[in-house]
file upload_0.txt (compact mmCIF, C-alpha atoms)
# COMPACT_ATOMS: atom_id res chain seq x y z
CA MET O 1 62.24 -60.78 -50.84
CA HIS O 2 64.05 -61.92 -47.68
CA LEU O 3 62.03 -64.80 -46.20
CA ARG O 4 62.63 -66.03 -42.65
CA HIS O 5 61.73 -69.17 -40.77
CA GLU O 6 59.60 -68.84 -37.67
CA TRP O 7 58.60 -71.01 -34.72
CA LYS O 8 56.00 -70.15 -32.12
CA HIS O 9 55.59 -71.99 -28.80
CA ARG O 10 52.90 -71.38 -26.22
CA LEU O 11 54.42 -71.31 -22.74
CA ALA O 12 53.18 -71.64 -19.19
CA PRO O 13 54.21 -69.00 -16.60
CA GLU O 14 56.68 -71.41 -14.99
CA ASP O 15 58.53 -71.76 -18.32
CA LEU O 16 59.48 -68.09 -18.45
CA PRO O 17 62.29 -68.03 -15.83
CA VAL O 18 63.75 -71.24 -17.27
CA LEU O 19 64.01 -69.81 -20.77
CA ARG O 20 65.30 -66.47 -19.51
CA GLN O 21 68.16 -68.22 -17.72
CA ARG O 22 69.08 -70.31 -20.75
CA LEU O 23 68.92 -67.46 -23.25
CA ARG O 24 70.97 -65.11 -21.10
CA LEU O 25 73.79 -67.67 -21.11
CA ILE O 26 74.03 -68.10 -24.88
CA ALA O 27 72.42 -65.09 -26.57
CA LYS O 28 72.64 -61.32 -26.23
CA PRO O 29 69.81 -58.99 -25.25
CA ASP O 30 68.56 -56.84 -28.08
CA PRO O 31 70.56 -53.57 -27.72
CA TYR O 32 67.37 -51.55 -28.28
CA ALA O 33 65.60 -53.15 -25.33
CA VAL O 34 66.07 -50.83 -22.35
CA GLY O 35 66.18 -52.93 -19.20
CA GLY O 36 65.87 -56.08 -21.27
CA CYS O 37 62.37 -55.54 -22.64
CA TYR O 38 60.07 -53.07 -24.33
CA GLN O 39 56.39 -52.37 -24.76
CA ILE O 40 54.89 -52.86 -28.22
CA ARG O 41 51.72 -51.24 -29.51
CA SER O 42 50.28 -52.36 -32.85
CA LEU O 43 47.17 -51.32 -34.73
CA TYR O 44 46.03 -53.95 -37.22
CA PHE O 45 44.07 -53.36 -40.42
CA ASP O 46 41.39 -55.59 -41.89
CA THR O 47 38.57 -55.56 -44.41
CA PRO O 48 34.83 -55.43 -43.53
CA GLY O 49 34.76 -59.18 -44.15
CA ASP O 50 37.79 -59.78 -41.91
CA LYS O 51 40.01 -61.07 -44.70
CA ALA O 52 43.25 -61.01 -42.66
CA LEU O 53 41.62 -62.65 -39.66
CA ARG O 54 39.89 -65.38 -41.66
CA GLU O 55 43.00 -66.22 -43.69
CA LYS O 56 44.99 -66.61 -40.48
CA LEU O 57 42.37 -68.82 -38.82
CA ASP O 58 41.97 -70.90 -41.99
CA GLY O 59 45.72 -71.34 -42.40
CA VAL O 60 45.85 -69.83 -45.89
CA ASN O 61 49.27 -70.54 -47.37
CA ASP O 62 49.94 -67.08 -48.83
CA ARG O 63 48.56 -64.28 -46.69
CA GLU O 64 49.40 -60.76 -45.54
CA LYS O 65 48.46 -58.20 -42.94
CA PHE O 66 49.10 -54.49 -42.43
CA ARG O 67 49.73 -52.80 -39.09
CA LEU O 68 51.06 -49.66 -37.46
CA ARG O 69 53.63 -50.18 -34.72
CA CYS O 70 55.53 -48.18 -32.11
CA TYR O 71 57.70 -49.05 -29.13
CA ASN O 72 57.60 -47.84 -25.53
CA GLY O 73 55.03 -45.20 -26.40
CA ASP O 74 57.56 -43.32 -28.55
CA LEU O 75 55.48 -41.65 -31.25
CA SER O 76 58.54 -40.11 -32.88
CA LEU O 77 59.22 -43.49 -34.52
CA ILE O 78 56.12 -45.17 -35.93
CA HIS O 79 56.25 -47.76 -38.70
CA LEU O 80 53.71 -48.97 -41.18
CA GLU O 81 54.44 -52.67 -41.60
CA LYS O 82 53.28 -55.30 -44.06
CA LYS O 83 53.85 -58.85 -42.88
CA ARG O 84 53.51 -61.67 -45.37
CA LYS O 85 53.50 -65.44 -44.84
CA ARG O 86 54.19 -67.81 -47.74
CA ASN O 87 54.81 -71.56 -47.49
CA GLY O 88 55.42 -71.20 -43.77
CA LEU O 89 58.10 -68.52 -44.22
CA GLY O 90 57.73 -64.90 -43.15
CA TYR O 91 58.62 -61.61 -44.80
CA LYS O 92 58.21 -58.08 -43.47
CA GLU O 93 58.64 -54.65 -45.01
CA LYS O 94 58.15 -51.35 -43.25
CA VAL O 95 58.29 -47.59 -43.71
CA PRO O 96 58.40 -44.80 -41.10
CA LEU O 97 55.41 -42.51 -40.60
CA THR O 98 54.95 -39.25 -38.73
CA PRO O 99 52.16 -38.84 -36.17
CA ASP O 100 50.41 -36.45 -38.60
CA GLN O 101 50.49 -39.09 -41.33
CA VAL O 102 49.13 -41.70 -38.93
CA GLN O 103 46.34 -39.37 -37.85
CA ALA O 104 45.45 -38.76 -41.50
CA ILE O 105 45.16 -42.51 -42.10
CA LEU O 106 43.03 -42.97 -38.98
CA THR O 107 40.62 -40.24 -40.04
CA GLY O 108 40.35 -41.46 -43.64
CA ASN O 109 42.32 -38.62 -45.21
CA LEU O 110 44.03 -40.81 -47.81
CA GLY O 111 44.61 -38.73 -50.95
CA TRP O 112 48.23 -37.88 -50.14
CA MET O 113 49.16 -41.57 -50.00
CA LYS O 114 48.66 -42.29 -53.70
CA ILE O 115 51.44 -39.89 -54.70
CA THR O 116 53.76 -40.59 -51.77
CA ARG O 117 56.83 -42.71 -51.83
CA PRO O 118 57.67 -45.43 -50.81
CA PRO O 119 55.45 -47.92 -52.69
CA LEU O 120 54.21 -49.55 -49.45
CA LEU O 121 52.14 -46.45 -48.70
CA GLN O 122 50.71 -46.52 -52.20
CA GLU O 123 49.80 -50.18 -51.73
CA LEU O 124 48.02 -49.41 -48.47
CA TYR O 125 46.16 -46.56 -50.21
CA TRP O 126 45.00 -48.90 -52.97
CA LYS O 127 43.82 -51.56 -50.53
CA MET O 128 42.05 -49.02 -48.32
CA THR O 129 40.34 -47.66 -51.42
CA VAL O 130 39.51 -50.87 -53.30
CA GLN O 131 39.26 -53.48 -50.50
CA ALA O 132 37.98 -51.06 -47.82
CA LEU O 133 40.90 -52.05 -45.59
CA ARG O 134 40.59 -50.15 -42.31
CA PRO O 135 42.19 -50.03 -38.84
CA ARG O 136 40.47 -52.60 -36.61
CA THR O 137 41.99 -52.92 -33.14
CA ILE O 138 44.96 -52.11 -30.94
CA VAL O 139 47.17 -54.91 -29.64
CA ASP O 140 49.58 -54.18 -26.76
CA TYR O 141 52.13 -56.53 -25.20
CA ARG O 142 55.54 -56.71 -23.54
CA ARG O 143 58.52 -58.31 -25.31
CA GLU O 144 61.89 -59.65 -24.12
CA PRO O 145 64.17 -59.99 -27.18
CA TYR O 146 67.42 -61.92 -27.58
CA VAL O 147 69.72 -62.14 -30.60
CA TYR O 148 72.24 -64.73 -31.73
CA ALA O 149 74.48 -63.85 -34.67
CA PRO O 150 74.96 -67.25 -36.38
CA GLY O 151 71.84 -67.80 -38.47
CA ASN O 152 70.70 -64.24 -37.71
CA VAL O 153 68.50 -65.66 -34.95
CA ARG O 154 66.04 -63.59 -32.95
CA VAL O 155 64.27 -65.11 -29.96
CA THR O 156 61.49 -63.22 -28.19
CA LEU O 157 59.35 -63.84 -25.13
CA ASP O 158 56.01 -62.03 -25.40
CA TYR O 159 53.49 -61.64 -22.58
CA ASP O 160 50.94 -59.30 -20.96
CA LEU O 161 48.83 -59.26 -24.12
CA ARG O 162 46.16 -56.54 -24.03
CA THR O 163 43.39 -55.65 -26.46
CA GLY O 164 41.97 -52.26 -27.37
CA LEU O 165 38.45 -53.73 -27.69
CA GLY O 166 38.14 -52.47 -31.24
CA SER O 167 39.67 -49.08 -30.45
CA VAL O 168 41.85 -47.48 -33.13
CA ASP O 169 43.07 -44.55 -30.98
CA PHE O 170 46.67 -45.52 -31.67
CA LEU O 171 48.24 -42.14 -30.85
CA ASN O 172 46.56 -41.84 -27.45
CA PRO O 173 48.84 -43.20 -24.68
CA ARG O 174 45.81 -43.30 -22.35
CA CYS O 175 43.77 -45.47 -24.69
CA VAL O 176 41.98 -48.06 -22.56
CA THR O 177 43.08 -51.66 -23.07
CA ILE O 178 42.22 -54.81 -21.12
CA ALA O 179 44.10 -58.05 -20.58
CA ALA O 180 43.33 -60.65 -23.26
CA ARG O 181 41.90 -63.54 -21.29
CA ASP O 182 43.76 -66.87 -21.41
CA ALA O 183 46.50 -65.42 -23.63
CA PRO O 184 49.67 -67.51 -23.24
CA ILE O 185 53.24 -66.40 -22.88
CA LEU O 186 54.57 -66.76 -26.39
CA LEU O 187 58.04 -67.83 -27.47
CA GLU O 188 58.96 -66.82 -31.02
CA VAL O 189 62.13 -67.95 -32.81
CA LYS O 190 63.05 -66.45 -36.18
CA TRP O 191 66.08 -67.28 -38.32
CA ASP O 192 67.46 -67.17 -41.86
CA ALA O 193 69.05 -70.20 -43.55
CA PHE O 194 69.76 -72.33 -40.47
CA LEU O 195 68.91 -72.57 -36.79
CA PRO O 196 71.98 -73.35 -34.63
CA ASP O 197 71.65 -76.42 -32.44
CA VAL O 198 72.51 -74.43 -29.32
CA ILE O 199 69.39 -72.29 -29.84
CA ARG O 200 67.25 -75.23 -30.91
CA ASP O 201 68.17 -77.05 -27.69
CA ALA O 202 67.79 -73.98 -25.47
CA VAL O 203 64.18 -73.28 -26.45
CA GLN O 204 62.96 -76.84 -25.96
CA ILE O 205 60.56 -77.21 -23.03
CA PRO O 206 59.05 -80.67 -22.31
CA GLY O 207 55.43 -80.78 -23.41
CA ARG O 208 55.65 -77.59 -25.48
CA ARG O 209 55.42 -77.88 -29.24
CA ALA O 210 55.49 -75.37 -32.07
CA SER O 211 51.95 -74.14 -32.71
CA ALA O 212 50.19 -71.31 -34.50
CA PHE O 213 49.10 -68.30 -32.47
CA SER O 214 47.97 -64.86 -33.59
CA LYS O 215 47.95 -61.93 -31.17
CA TYR O 216 45.63 -60.11 -33.55
CA ALA O 217 43.19 -63.02 -33.67
CA ALA O 218 43.28 -63.38 -29.87
CA CYS O 219 42.46 -59.69 -29.44
CA ARG O 220 39.66 -59.74 -32.04
CA LEU O 221 37.70 -62.12 -29.80
CA TYR O 222 36.70 -59.02 -27.81
CA ASP O 223 35.19 -56.99 -30.68
call {"tool": "encode", "arguments": {"input": "upload_0.txt", "output": "structure tokens"}}
result
Amino acid sequence: MHLRHEWKHRLAPEDLPVLRQRLRLIAKPDPYAVGGCYQIRSLYFDTPGDKALREKLDGVNDREKFRLRCYNGDLSLIHLEKKRKRNGLGYKEKVPLTPDQVQAILTGNLGWMKITRPPLLQELYWKMTVQALRPRTIVDYRREPYVYAPGNVRVTLDYDLRTGLGSVDFLNPRCVTIAARDAPILLEVKWDAFLPDVIRDAVQIPGRRASAFSKYAACRLYD
């Protein structure tokens, strides 16, 4: 299990151009980001009792969440992802899905998953069957990613957070979403064994401190 460190900072709009300028001097844009950014769409899963949401809000030390994700509306590359947090460190595993497989999951056609490799799909099948885990809401936002090789650092600036208001119509590019009110610009820094000082210094903004923030939790306020 490859665990990574993670910082999150809430930013004000005036912080964005400052950080852009700093990061462009020392880091490289993510080569997969056309024009320097991309649009992310996620569909999060939760139980009827909101297990994932409650564990996040309560700060449970060892927690996980499942989601579907695609980029720039490209449905030819969709991933099922499981993100786990343990002792403040993060771990993510993912597998690709076809649109037909996604549609089957959304409509509750699950039988094929229990005999399908890889194991992550089998795990989702078990949790959808035993825990009644189900898709809950769409989360859309724009991301500017930067990478820095020493420490395997990834810095992202996320903004324009939008919620699907409980919609699970993940495959529909015209699915209605609305802006999540009062959602901040979010700086995320992820690294492996060490965080280089040049990155640590670059992301410091006076008055901004590392703090927890969940896009999923912010969008669930609108259910």
call {"tool": "closest_residue", "arguments": {"input": "upload_0.txt", "among": "O:Gly73, O:Ala202, O:Ile26, O:Arg162", "to": "Arg174 (chain O)", "atoms": "all atoms listed in the file"}}
result
O:Gly73
call {"tool": "closest_residue", "arguments": {"input": "upload_0.txt", "among": "O:Asn72, O:Thr177, O:Thr129, O:Asn61", "to": "Cys37 (chain O)", "atoms": "only C-alpha atoms"}}
result
O:Asn72
call {"tool": "closest_atom_pairs", "arguments": {"input": "upload_0.txt", "of": "region 8-46 of chain O", "to": "region 210-218 of chain O", "cutoff": "12 Å", "atoms": "only C-alpha atoms", "output": "CSV"}}
result
residue,atom,partner,partner_atom,distance
O:Lys8,CA,O:Ala210,CA,5.2
O:His9,CA,O:Ala210,CA,4.7
O:Arg10,CA,O:Ser211,CA,7.1
O:Leu11,CA,O:Ala210,CA,10.2
O:Ile40,CA,O:Lys215,CA,11.8
O:Arg41,CA,O:Lys215,CA,11.5
O:Ser42,CA,O:Tyr216,CA,9.1
O:Leu43,CA,O:Tyr216,CA,9.0
O:Tyr44,CA,O:Tyr216,CA,7.2
O:Phe45,CA,O:Tyr216,CA,9.8
O:Asp46,CA,O:Tyr216,CA,10.4
call {"tool": "axis_aligned_box", "arguments": {"input": "upload_0.txt", "around": "region 142-148 of chain O", "padding_each_side": "5 Å", "output": "JSON"}}
result
{"center_x": 63.9, "center_y": -60.7, "center_z": -27.6, "size_x": 26.7, "size_y": 18.0, "size_z": 18.2}
call {"tool": "closest_residue", "arguments": {"input": "upload_0.txt", "among": "O:Ala52, O:Ala33, O:Ala132, O:Val198", "to": "Pro145 (chain O)", "atoms": "all atoms listed in the file"}}
result
O:Ala33
call {"tool": "atom_distance", "arguments": {"input": "upload_0.txt", "atom1": "CA of Lys56 (chain O)", "atom2": "CA of Gly90 (chain O)"}}
result
13.1 Å
call {"tool": "closest_residue", "arguments": {"input": "upload_0.txt", "among": "O:Arg22, O:Arg67, O:Arg54, O:Arg4", "to": "Arg134 (chain O)", "atoms": "only C-alpha atoms"}}
result
O:Arg67
call {"tool": "closest_residue", "arguments": {"input": "upload_0.txt", "among": "O:Lys51, O:Arg24, O:Lys190, O:Arg69", "to": "Arg154 (chain O)", "atoms": "only C-alpha atoms"}}
result
O:Lys190
call {"tool": "residues_near_point", "arguments": {"input": "upload_0.txt", "point": "(44.8, -46.9, -24.3)", "cutoff": "10 Å", "atoms": "all atoms listed in the file", "output": "VMD selection string"}}
result
chain O and resid 41 138 to 140 162 to 165 167 to 178
call {"tool": "write_last_selection", "arguments": {"input": "upload_0.txt", "atoms": "C-alpha atoms", "output": "PDB file, in the frame of the given file"}}
result
ATOM      1  CA  ARG O  41      51.720 -51.240 -29.510  1.00  0.00           C
ATOM      2  CA  ILE O 138      44.960 -52.110 -30.940  1.00  0.00           C
ATOM      3  CA  VAL O 139      47.170 -54.910 -29.640  1.00  0.00           C
ATOM      4  CA  ASP O 140      49.580 -54.180 -26.760  1.00  0.00           C
ATOM      5  CA  ARG O 162      46.160 -56.540 -24.030  1.00  0.00           C
ATOM      6  CA  THR O 163      43.390 -55.650 -26.460  1.00  0.00           C
ATOM      7  CA  GLY O 164      41.970 -52.260 -27.370  1.00  0.00           C
ATOM      8  CA  LEU O 165      38.450 -53.730 -27.690  1.00  0.00           C
ATOM      9  CA  SER O 167      39.670 -49.080 -30.450  1.00  0.00           C
ATOM     10  CA  VAL O 168      41.850 -47.480 -33.130  1.00  0.00           C
ATOM     11  CA  ASP O 169      43.070 -44.550 -30.980  1.00  0.00           C
ATOM     12  CA  PHE O 170      46.670 -45.520 -31.670  1.00  0.00           C
ATOM     13  CA  LEU O 171      48.240 -42.140 -30.850  1.00  0.00           C
ATOM     14  CA  ASN O 172      46.560 -41.840 -27.450  1.00  0.00           C
ATOM     15  CA  PRO O 173      48.840 -43.200 -24.680  1.00  0.00           C
ATOM     16  CA  ARG O 174      45.810 -43.300 -22.350  1.00  0.00           C
ATOM     17  CA  CYS O 175      43.770 -45.470 -24.690  1.00  0.00           C
ATOM     18  CA  VAL O 176      41.980 -48.060 -22.560  1.00  0.00           C
ATOM     19  CA  THR O 177      43.080 -51.660 -23.070  1.00  0.00           C
ATOM     20  CA  ILE O 178      42.220 -54.810 -21.120  1.00  0.00           C
TER      21      ILE O 178
END
call {"tool": "atom_distance", "arguments": {"input": "upload_0.txt", "atom1": "CA of Leu195 (chain O)", "atom2": "CA of Gly151 (chain O)"}}
result
5.8 Å
call {"tool": "closest_residue", "arguments": {"input": "upload_0.txt", "among": "O:Glu144, O:Asp74, O:Glu55, O:Asp30", "to": "Leu186 (chain O)", "atoms": "all atoms listed in the file"}}
result
O:Glu144
call {"tool": "residues_around", "arguments": {"input": "upload_0.txt", "residues": "Ile205 (chain O)", "least_positions_apart": "4", "cutoff": "9 Å", "atoms": "only C-alpha atoms", "output": "list in words"}}
result
Leu11, Asp15, Val18, Leu19, Asp201 and Arg209 of chain O
call {"tool": "closest_atom_pairs", "arguments": {"input": "upload_0.txt", "of": "region 119-163 of chain O", "to": "region 92-98 of chain O", "cutoff": "10 Å", "atoms": "all atoms listed in the file", "output": "tab-separated table"}}
result
residue	atom	partner	partner_atom	distance
O:Pro119	CA	O:Val95	CA	9.4
O:Leu120	CA	O:Val95	CA	7.3
O:Leu121	CA	O:Val95	CA	8.0
call {"tool": "write_last_selection", "arguments": {"input": "upload_0.txt", "atoms": "C-alpha atoms", "output": "mmCIF file, in the coordinates of the input"}}
result
data_model
loop_
_atom_site.group_PDB
_atom_site.id
_atom_site.type_symbol
_atom_site.label_atom_id
_atom_site.label_comp_id
_atom_site.auth_asym_id
_atom_site.auth_seq_id
_atom_site.Cartn_x
_atom_site.Cartn_y
_atom_site.Cartn_z
ATOM 1 C CA PRO O 119 55.450 -47.920 -52.690
ATOM 2 C CA LEU O 120 54.210 -49.550 -49.450
ATOM 3 C CA LEU O 121 52.140 -46.450 -48.700
#
call {"tool": "atom_distance", "arguments": {"input": "upload_0.txt", "atom1": "CA of Leu187 (chain O)", "atom2": "CA of Gly166 (chain O)"}}
result
25.4 Å
call {"tool": "build_atoms", "arguments": {"input": "upload_0.txt", "residues": "region 51-64 of chain O", "atoms": "N, CA, C and O atoms", "output": "mmCIF file, in the frame of the given file"}}
result
data_model
loop_
_atom_site.group_PDB
_atom_site.id
_atom_site.type_symbol
_atom_site.label_atom_id
_atom_site.label_comp_id
_atom_site.auth_asym_id
_atom_site.auth_seq_id
_atom_site.Cartn_x
_atom_site.Cartn_y
_atom_site.Cartn_z
ATOM 1 N N LYS O 51 39.163 -60.257 -43.844
ATOM 2 C CA LYS O 51 40.010 -61.070 -44.700
ATOM 3 C C LYS O 51 41.271 -61.550 -43.987
ATOM 4 O O LYS O 51 41.621 -62.738 -44.027
ATOM 5 N N ALA O 52 42.008 -60.634 -43.336
ATOM 6 C CA ALA O 52 43.250 -61.010 -42.660
ATOM 7 C C ALA O 52 42.992 -62.006 -41.534
ATOM 8 O O ALA O 52 43.736 -62.971 -41.365
ATOM 9 N N LEU O 53 41.942 -61.761 -40.771
ATOM 10 C CA LEU O 53 41.620 -62.650 -39.660
ATOM 11 C C LEU O 53 41.232 -64.031 -40.161
ATOM 12 O O LEU O 53 41.716 -65.052 -39.651
ATOM 13 N N ARG O 54 40.369 -64.085 -41.162
ATOM 14 C CA ARG O 54 39.890 -65.380 -41.660
ATOM 15 C C ARG O 54 41.018 -66.173 -42.323
ATOM 16 O O ARG O 54 41.101 -67.399 -42.165
ATOM 17 N N GLU O 55 41.887 -65.505 -43.059
ATOM 18 C CA GLU O 55 43.000 -66.220 -43.690
ATOM 19 C C GLU O 55 43.948 -66.798 -42.654
ATOM 20 O O GLU O 55 44.480 -67.906 -42.838
ATOM 21 N N LYS O 56 44.151 -66.079 -41.558
ATOM 22 C CA LYS O 56 44.990 -66.610 -40.480
ATOM 23 C C LYS O 56 44.333 -67.826 -39.840
ATOM 24 O O LYS O 56 44.971 -68.878 -39.653
ATOM 25 N N LEU O 57 43.060 -67.716 -39.488
ATOM 26 C CA LEU O 57 42.370 -68.820 -38.820
ATOM 27 C C LEU O 57 42.229 -70.039 -39.732
ATOM 28 O O LEU O 57 42.255 -71.177 -39.257
ATOM 29 N N ASP O 58 42.119 -69.794 -41.034
ATOM 30 C CA ASP O 58 41.970 -70.900 -41.990
ATOM 31 C C ASP O 58 43.312 -71.467 -42.441
ATOM 32 O O ASP O 58 43.341 -72.449 -43.189
ATOM 33 N N GLY O 59 44.405 -70.847 -42.019
ATOM 34 C CA GLY O 59 45.720 -71.340 -42.400
ATOM 35 C C GLY O 59 46.044 -71.178 -43.871
ATOM 36 O O GLY O 59 46.731 -72.015 -44.467
ATOM 37 N N VAL O 60 45.575 -70.077 -44.476
ATOM 38 C CA VAL O 60 45.850 -69.830 -45.890
ATOM 39 C C VAL O 60 47.360 -69.739 -46.112
ATOM 40 O O VAL O 60 48.082 -69.088 -45.354
ATOM 41 N N ASN O 61 47.841 -70.393 -47.151
ATOM 42 C CA ASN O 61 49.270 -70.540 -47.370
ATOM 43 C C ASN O 61 49.982 -69.228 -47.676
ATOM 44 O O ASN O 61 51.109 -68.999 -47.233
ATOM 45 N N ASP O 62 49.342 -68.360 -48.444
ATOM 46 C CA ASP O 62 49.940 -67.080 -48.830
ATOM 47 C C ASP O 62 49.024 -65.972 -48.349
ATOM 48 O O ASP O 62 47.948 -65.760 -48.899
ATOM 49 N N ARG O 63 49.426 -65.288 -47.300
ATOM 50 C CA ARG O 63 48.560 -64.280 -46.690
ATOM 51 C C ARG O 63 49.401 -63.095 -46.226
ATOM 52 O O ARG O 63 50.619 -63.182 -46.097
ATOM 53 N N GLU O 64 48.707 -61.967 -45.962
ATOM 54 C CA GLU O 64 49.400 -60.760 -45.540
ATOM 55 C C GLU O 64 48.548 -59.985 -44.552
ATOM 56 O O GLU O 64 47.330 -60.188 -44.460
#
